[in-house]
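Working notes, beginning with the structure itself.
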Amino acid sequence: MTLQPGFRAAFLSAAIATLVVLGIPSAHAAAAPVVTSPMRFAALIHAPRVIRLRFSEAIVMKSSGVTLTDLAGHQVRVIPVKSRGNDSIQVRIAARLPAGIYRVQWQAVSAIDGAKTSGNYQFTVQ
């Protein structure tokens, strides 16, 4: 059995109208870093003074943050710096970093749906 062209068009129109009226559920991914500085696994000749992360969507600043630790797990003091947009975190490293491996740990809360995400990455100062 094949559908007549006029019936097919009417059926398609009704299906689209139903989706528009009922709404199509939107899929939100959690906030994730899209740009980091220093970059993941970077080998730096000069120690960074600032850590910046830009996320895939707006984040709740009060509930999001960055910590920095050395390879032994000792926390390095960082000072939050006002970011330009609502999708970025920026911190200033309080003291000059000696040579070593460092881990950036981040947590973010999406301003869109409240989803919490976290992660980490490493960089090396040579």
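Chain labels A, B, ... are given in the sequence in which chains occur in the structure tokens; within each chain residues are numbered consecutively from 1, and ligands are likewise numbered from 1 in the order shown.
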Long-range neighbours of Val81 (chain A) as a list in words, 12 Å cut-off, only C-alpha atoms, 3 positions minimum in chain: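 Here the answer would be Arg49, Val50, Ile51, Arg52, Leu53, Met61, Gly65, Val66, Val78, Arg84, Gly85, Ser88, Ile89, Gln90, Val91, Arg92, Ile93 and Ala94 of chain A.
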Long-range neighbours of region 108-120 of chain A as an MDAnalysis selection string, 12 Å cut-off, only C-alpha atoms, 2 positions minimum in chain: chainID A and resid 26:33 36 39:41 53:69 86:89 102:106 122:123
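Note that CA of Ile101 (chain A) and CA of Ala72 (chain A) are 9.1 Å apart.
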Members of region 25-70 of chain A assigned strand (DSSP E or B) by DSSP, as JSON, numbers by chain: {"A": [33, 34, 35, 36, 37, 43, 44, 50, 51, 52, 53, 54, 55, 59, 65, 66, 67, 68, 69, 70]}
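Between CA of Val76 (chain A) and CA of Val35 (chain A) lies a distance of 21.6 Å.
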Spatial neighbours of Leu97 (chain A), 8 Å, only C-alpha atoms, chain gap at least 6 places, as number ranges by chain: A: 47-48, 125
Export C-alpha atoms of the chosen residues as a tab-separated table (two decimals), in the first residue's frame?
chain	number	residue	atom	x	y	z
A	47	ALA	CA	56.01	29.49	34.19
A	48	PRO	CA	52.50	30.82	33.54
A	125	VAL	CA	57.20	23.90	33.66
Residue nearest Gln107 (chain A) - candidates A:His74, A:Ala43, A:Tyr121, A:Ser83, atoms counted: only C-alpha atoms: A:Tyr121
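Relative to CA of Pro98 (chain A), CA of Gln75 (chain A) is found at 13.6 Å.
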